[in-house]
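Enquirer: Take a look at upload-v7.cif, mmCIF, C-alpha atoms:
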```cif
data_target
#
loop_
_atom_site.label_atom_id
_atom_site.label_comp_id
_atom_site.auth_asym_id
_atom_site.auth_seq_id
_atom_site.Cartn_x
_atom_site.Cartn_y
_atom_site.Cartn_z
CA MET A 1 -54.31 50.61 12.86
CA GLU A 2 -53.78 47.74 15.27
CA LEU A 3 -50.63 49.17 16.86
CA LEU A 4 -52.56 52.26 17.96
CA LYS A 5 -55.58 50.25 19.13
CA ASP A 6 -53.32 48.00 21.21
CA LYS A 7 -51.69 51.05 22.80
CA ILE A 8 -55.11 52.52 23.61
CA ARG A 9 -56.24 49.22 25.17
CA ARG A 10 -53.07 48.94 27.28
CA GLU A 11 -52.49 52.53 28.35
CA GLY A 12 -55.70 54.49 27.74
CA LYS A 13 -57.64 55.63 30.80
CA ILE A 14 -61.39 56.26 30.77
CA PRO A 15 -62.41 58.75 33.48
CA THR A 16 -65.93 59.20 32.01
CA ASP A 17 -68.05 57.70 29.23
CA THR A 18 -66.95 60.51 26.90
CA VAL A 19 -63.27 61.04 27.79
CA LEU A 20 -60.28 58.89 26.84
CA LYS A 21 -56.94 59.84 28.43
CA VAL A 22 -53.92 58.92 26.32
CA ASP A 23 -51.41 61.18 28.02
CA SER A 24 -48.85 58.39 28.41
CA PHE A 25 -48.21 58.24 24.64
CA LEU A 26 -49.93 61.15 22.84
CA ASN A 27 -51.12 64.13 24.87
CA HIS A 28 -48.35 64.70 27.41
CA GLN A 29 -45.67 62.08 26.95
CA ILE A 30 -45.08 61.05 23.33
CA ASP A 31 -44.21 57.59 22.05
CA PRO A 32 -41.91 58.44 19.09
CA SER A 33 -42.10 54.96 17.54
CA LEU A 34 -45.89 55.08 17.58
CA MET A 35 -45.86 58.63 16.13
CA LEU A 36 -43.58 57.46 13.32
CA ALA A 37 -45.96 54.59 12.52
CA ILE A 38 -48.91 57.03 12.59
CA GLY A 39 -47.06 59.42 10.27
CA LYS A 40 -46.34 56.58 7.84
CA GLU A 41 -49.98 55.51 7.90
CA PHE A 42 -51.23 59.04 7.14
CA ALA A 43 -48.66 59.28 4.32
CA ARG A 44 -49.95 55.99 2.91
CA LEU A 45 -53.61 57.03 3.17
CA PHE A 46 -53.08 60.39 1.46
CA LYS A 47 -50.21 59.57 -0.93
CA LYS A 48 -52.33 60.14 -4.08
CA ASP A 49 -53.73 63.49 -2.90
CA GLN A 50 -50.74 65.66 -3.85
CA VAL A 51 -50.54 67.17 -0.37
CA SER A 52 -48.37 70.30 -0.40
CA LYS A 53 -48.65 71.15 3.31
CA ILE A 54 -49.97 69.71 6.58
CA LEU A 55 -51.93 71.81 9.06
CA THR A 56 -52.49 70.85 12.68
CA ILE A 57 -53.34 72.65 15.89
CA GLU A 58 -51.11 72.93 18.93
CA SER A 59 -50.18 70.89 20.70
CA SER A 60 -51.10 67.20 20.63
CA GLY A 61 -51.36 66.88 16.86
CA ILE A 62 -47.89 68.25 16.19
CA ALA A 63 -45.87 65.04 16.69
CA ALA A 64 -48.00 62.97 14.31
CA ALA A 65 -48.19 65.82 11.78
CA VAL A 66 -44.39 66.21 11.78
CA MET A 67 -43.90 62.48 11.21
CA ALA A 68 -46.43 62.55 8.35
CA GLY A 69 -44.71 65.64 6.93
CA LEU A 70 -41.37 63.85 7.09
CA GLU A 71 -42.81 60.83 5.26
CA MET A 72 -44.52 63.04 2.65
CA SER A 73 -41.65 65.55 2.34
CA VAL A 74 -43.95 68.51 2.97
CA PRO A 75 -43.88 71.34 5.54
CA VAL A 76 -46.05 71.26 8.65
CA VAL A 77 -47.81 74.35 9.97
CA PHE A 78 -49.49 74.43 13.35
CA ALA A 79 -52.26 76.78 14.35
CA ARG A 80 -51.59 78.59 17.59
CA LYS A 81 -54.20 78.73 20.34
CA LYS A 82 -52.76 81.91 21.80
CA LYS A 83 -51.50 84.81 19.72
CA SER A 84 -47.96 85.71 20.70
CA VAL A 85 -46.97 89.36 21.23
CA ILE A 86 -44.43 88.96 18.43
CA MET A 87 -47.09 87.54 16.10
CA ASN A 88 -47.92 90.96 14.72
CA GLU A 89 -48.04 90.06 11.04
CA ASP A 90 -51.18 89.27 9.06
CA VAL A 91 -52.90 86.15 10.32
CA TYR A 92 -55.81 83.91 9.51
CA SER A 93 -57.91 83.29 12.58
CA THR A 94 -60.97 81.46 13.77
CA GLN A 95 -62.54 80.43 17.05
CA ILE A 96 -62.46 76.78 18.10
CA HIS A 97 -64.29 75.32 21.07
CA SER A 98 -62.56 72.42 22.84
CA PHE A 99 -64.89 69.64 24.01
CA THR A 100 -62.35 68.30 26.51
CA LYS A 101 -61.12 71.61 27.92
CA LYS A 102 -64.53 73.33 27.80
CA GLU A 103 -62.98 76.52 26.43
CA THR A 104 -63.00 78.52 23.21
CA ASN A 105 -59.70 79.70 21.72
CA ASP A 106 -58.90 82.25 19.04
CA VAL A 107 -56.71 80.13 16.79
CA THR A 108 -54.26 81.80 14.40
CA VAL A 109 -51.89 80.98 11.56
CA LEU A 110 -49.53 83.46 9.94
CA LYS A 111 -50.67 84.13 6.37
CA LYS A 112 -47.13 83.77 5.04
CA PHE A 113 -47.17 80.06 5.99
CA LEU A 114 -50.47 79.31 4.19
CA PRO A 115 -50.36 80.94 0.77
CA ALA A 116 -53.25 80.53 -1.67
CA GLY A 117 -53.41 77.42 -3.82
CA GLU A 118 -52.03 74.89 -1.33
CA ARG A 119 -53.35 71.33 -1.02
CA ILE A 120 -53.73 70.93 2.73
CA LEU A 121 -53.96 67.79 4.83
CA ILE A 122 -55.35 68.53 8.28
CA ILE A 123 -54.12 66.22 11.06
CA ASP A 124 -55.48 66.20 14.61
CA ASP A 125 -55.19 63.95 17.64
CA PHE A 126 -58.89 63.55 18.50
CA LEU A 127 -62.17 63.96 16.70
CA ALA A 128 -65.15 64.42 19.01
CA ASN A 129 -67.66 67.01 17.79
CA GLY A 130 -65.55 68.20 14.87
CA GLU A 131 -64.98 71.76 16.07
CA ALA A 132 -61.18 71.77 15.71
CA ALA A 133 -61.25 70.27 12.22
CA ILE A 134 -64.00 72.64 11.06
CA GLY A 135 -62.00 75.57 12.48
CA MET A 136 -58.82 74.49 10.71
CA ALA A 137 -60.77 73.97 7.48
CA ASN A 138 -62.07 77.52 7.91
CA ILE A 139 -58.49 78.79 8.09
CA VAL A 140 -57.63 76.84 4.92
CA LYS A 141 -60.66 78.39 3.19
CA GLN A 142 -59.56 81.88 4.29
CA ALA A 143 -56.18 81.13 2.70
CA GLN A 144 -57.91 80.21 -0.57
CA SER A 145 -56.41 76.75 -0.39
CA GLU A 146 -58.00 73.30 -0.51
CA VAL A 147 -58.51 70.72 2.24
CA VAL A 148 -57.65 67.41 0.55
CA GLY A 149 -58.41 65.40 3.67
CA ILE A 150 -58.56 65.25 7.43
CA GLY A 151 -56.44 62.68 9.26
CA ILE A 152 -57.52 61.84 12.79
CA ILE A 153 -55.54 59.71 15.22
CA ILE A 154 -58.48 58.81 17.50
CA GLU A 155 -62.10 59.32 16.49
CA LYS A 156 -64.83 59.15 19.12
CA SER A 157 -67.46 58.05 16.61
CA PHE A 158 -70.27 58.24 19.17
CA GLN A 159 -69.91 62.04 19.27
CA GLY A 160 -70.80 62.76 15.64
CA GLY A 161 -67.85 64.86 14.52
CA ALA A 162 -66.97 62.56 11.62
CA ASP A 163 -70.53 62.69 10.31
CA LYS A 164 -70.47 66.50 10.52
CA LEU A 165 -67.20 66.68 8.56
CA LYS A 166 -68.32 64.16 5.94
CA SER A 167 -71.63 66.03 5.51
CA ALA A 168 -69.59 69.18 4.87
CA GLY A 169 -67.81 67.32 2.04
CA TYR A 170 -64.52 66.45 3.73
CA ARG A 171 -62.70 63.14 3.45
CA VAL A 172 -61.96 61.85 6.96
CA GLU A 173 -59.47 59.07 7.68
CA SER A 174 -59.34 57.97 11.32
CA LEU A 175 -56.74 55.51 12.55
CA ALA A 176 -58.74 54.30 15.58
CA ARG A 177 -62.52 54.66 15.66
CA ILE A 178 -64.15 54.28 19.06
CA ALA A 179 -67.79 53.23 19.23
CA SER A 180 -68.11 53.53 23.00
CA LEU A 181 -66.29 54.23 26.25
CA ALA A 182 -69.20 53.04 28.41
CA ASN A 183 -68.48 51.20 31.66
CA GLY A 184 -64.78 52.03 31.46
CA GLN A 185 -64.25 49.86 28.37
CA VAL A 186 -62.98 50.90 24.93
CA GLU A 187 -65.12 49.44 22.15
CA PHE A 188 -63.73 49.99 18.65
CA LEU A 189 -65.82 50.13 15.48
#
```
Take the structure in the file and give it back as structure tokens.
Expert:
Amino acid sequence: MELLKDKIRREGKIPTDTVLKVDSFLNHQIDPSLMLAIGKEFARLFKKDQVSKILTIESSGIAAAVMAGLEMSVPVVFARKKKSVIMNEDVYSTQIHSFTKKETNDVTVLKKFLPAGERILIIDDFLANGEAAIGMANIVKQAQSEVVGIGIIIEKSFQGGADKLKSAGYRVESLARIASLANGQVEFL
């Protein structure tokens, strides 16, 4: 997706060889036009998969997931990283370790929003080691539903998460695949 790659080239910051900061358009401030284009692209990529619901994790994947849900006319559910005191109903939960934040979260989704038999598209902002996607797929499995695909906005291919997900049998569609961030330069696959 050239629009996304151009945005990464122009506004992405590379503090280390493994971290790409895109807070000016994705992770803190959101570019709505870009998110709409991303949502349309995910809808195009998964249009034949009979997606019945989209699952993402708070917070950076929500904007793209909502735009994809709008394009596909399906609801969007987001997994919460912190269980609210009013979230006292039955939940699916799993632990997910964040590569960037160096922390592990107990991630939850209310069971009533993920009934059995759904065809779930997982959407996330970044794919590094695959922990978030594997965790969300675990929640889908707990719900006795099916992961029809995993849509990733930015894949850091050099970290192996995509290979891990594909080896586990998941279809992964990444909109921007980064081969390297060495020497402060973004190199796309």
Enquirer: Report as JSON the centre and the edge lengths, in Å to one decimal, of the axis-aligned box holding every listed atom of region 151-162 of chain A, padded by 8 Å on each side.
Expert:
```
{"center_x": -63.2, "center_y": 61.5, "center_z": 14.3, "size_x": 31.3, "size_y": 22.8, "size_z": 26.0}
```
Enquirer: Compile a residue-level contact table for region 104-175 of chain A against region 4-11 of chain A at a cut-off of 10 Å, reporting for every qualifying residue the shortest atom pair and its distance in Å to one decimal, with all atoms listed in the file counted, rows ordered by chain and ascending number, as CSV.
Expert:
```
residue,atom,partner,partner_atom,distance
A:Ile153,CA,A:Leu4,CA,8.5
A:Ile154,CA,A:Leu4,CA,8.8
A:Leu175,CA,A:Leu4,CA,7.6
```
Enquirer: Okay, now the selection with C-alpha atoms, as an mmCIF file, in the frame of the given file?
Expert:
```
data_model
loop_
_atom_site.group_PDB
_atom_site.id
_atom_site.type_symbol
_atom_site.label_atom_id
_atom_site.label_comp_id
_atom_site.auth_asym_id
_atom_site.auth_seq_id
_atom_site.Cartn_x
_atom_site.Cartn_y
_atom_site.Cartn_z
ATOM 1 C CA ILE A 153 -55.540 59.710 15.220
ATOM 2 C CA ILE A 154 -58.480 58.810 17.500
ATOM 3 C CA LEU A 175 -56.740 55.510 12.550
#
```
Enquirer: So what does the PyMOL selection byres ((chain A and resi 145) around 6) actually pick up in this one, as a list in words?
Expert: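 Expected selection for the PyMOL selection byres ((chain A and resi 145) around 6) here is Ala116, Gly117, Glu118, Val140, Lys141, Ala143, Gln144 and Glu146 of chain A.
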Enquirer: Could you tell me how far CA of Asp106 (chain A) sits from CA of Ser93 (chain A), in Å to one decimal place?
Expert: 6.6 Å
Enquirer: Given the file shown, determine the residues that the PyMOL selection byres ((chain A and resi 158) around 8) selects; report them as an NGL selection string.
Expert: :A and (156-157 or 159-160 or 178-180)
Enquirer: Translate the PyMOL selection byres ((chain A and resi 21) around 12), as applied to the file shown, into an explicit residue set as a list in words.
Expert: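 Checking the PyMOL selection byres ((chain A and resi 21) around 12) against this file, the residues are Lys7, Ile8, Arg9, Arg10, Glu11, Gly12, Lys13, Ile14, Pro15, Thr16, Asp17, Thr18, Val19, Leu20, Val22, Asp23, Ser24, Phe25, Leu26, Asn27, His28, Gln29, Thr100, Asp125, Phe126, Ile154, Leu181, Gly184 and Val186 of chain A.
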Enquirer: Nearest residue to Asp90 (chain A) out of A:Ala64, A:Met136, A:Leu114, A:Ile122, using only C-alpha atoms?
Expert: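 Nearest candidate to Asp90 (chain A) out of A:Ala64, A:Met136, A:Leu114, A:Ile122: A:Leu114.
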Enquirer: Under the rule that only C-alpha atoms are counted, which of A:Lys82, A:Val109, A:Ala137, A:Gly151 is the nearest residue to Arg44 (chain A)?
Expert: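 Closest to Arg44 (chain A) of all the choices is A:Gly151.
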Enquirer: Have a look at A:Met35, A:Met67, A:Leu121, A:Val74 and name the one nearest to Leu3 (chain A); count all atoms listed in the file.
Expert: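 Closest candidate: A:Met35.
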Enquirer: Record the distance separating CA of Ile38 (chain A) and CA of Gly135 (chain A), expressed in Å with one decimal.
Expert: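 A separation of 22.7 Å between them.
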Enquirer: Would you please work out which residue, of A:Val147, A:Ile57, A:Gln50, A:Ala176, is nearest to Glu131 (chain A) when using only C-alpha atoms?
Expert: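 The closest residue to Glu131 (chain A) is A:Ile57.
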Enquirer: For CA of Phe113 (chain A) and CA of Phe46 (chain A), quote the distance in Å rounded to one decimal.
Expert: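 So the answer is 21.0 Å.
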Enquirer: Using all atoms listed in the file, which residue out of A:His97, A:Ser167, A:Thr56, A:Val107 lies closest to Lys81 (chain A)?
Expert: A:Val107
Enquirer: Restricting the calculation to only C-alpha atoms, which member of A:Gln95, A:Ser33, A:Asn183, A:Ser52 is positioned closest to Ile139 (chain A)?
Expert: A:Gln95
Enquirer: Which residues are near Lys164 (chain A)? Cut-off 12 Å, only C-alpha atoms, ignore same chain within fewer than 6 positions. Put them as a ChimeraX atom specification.
Expert: /A:127-134,157-158,170-172
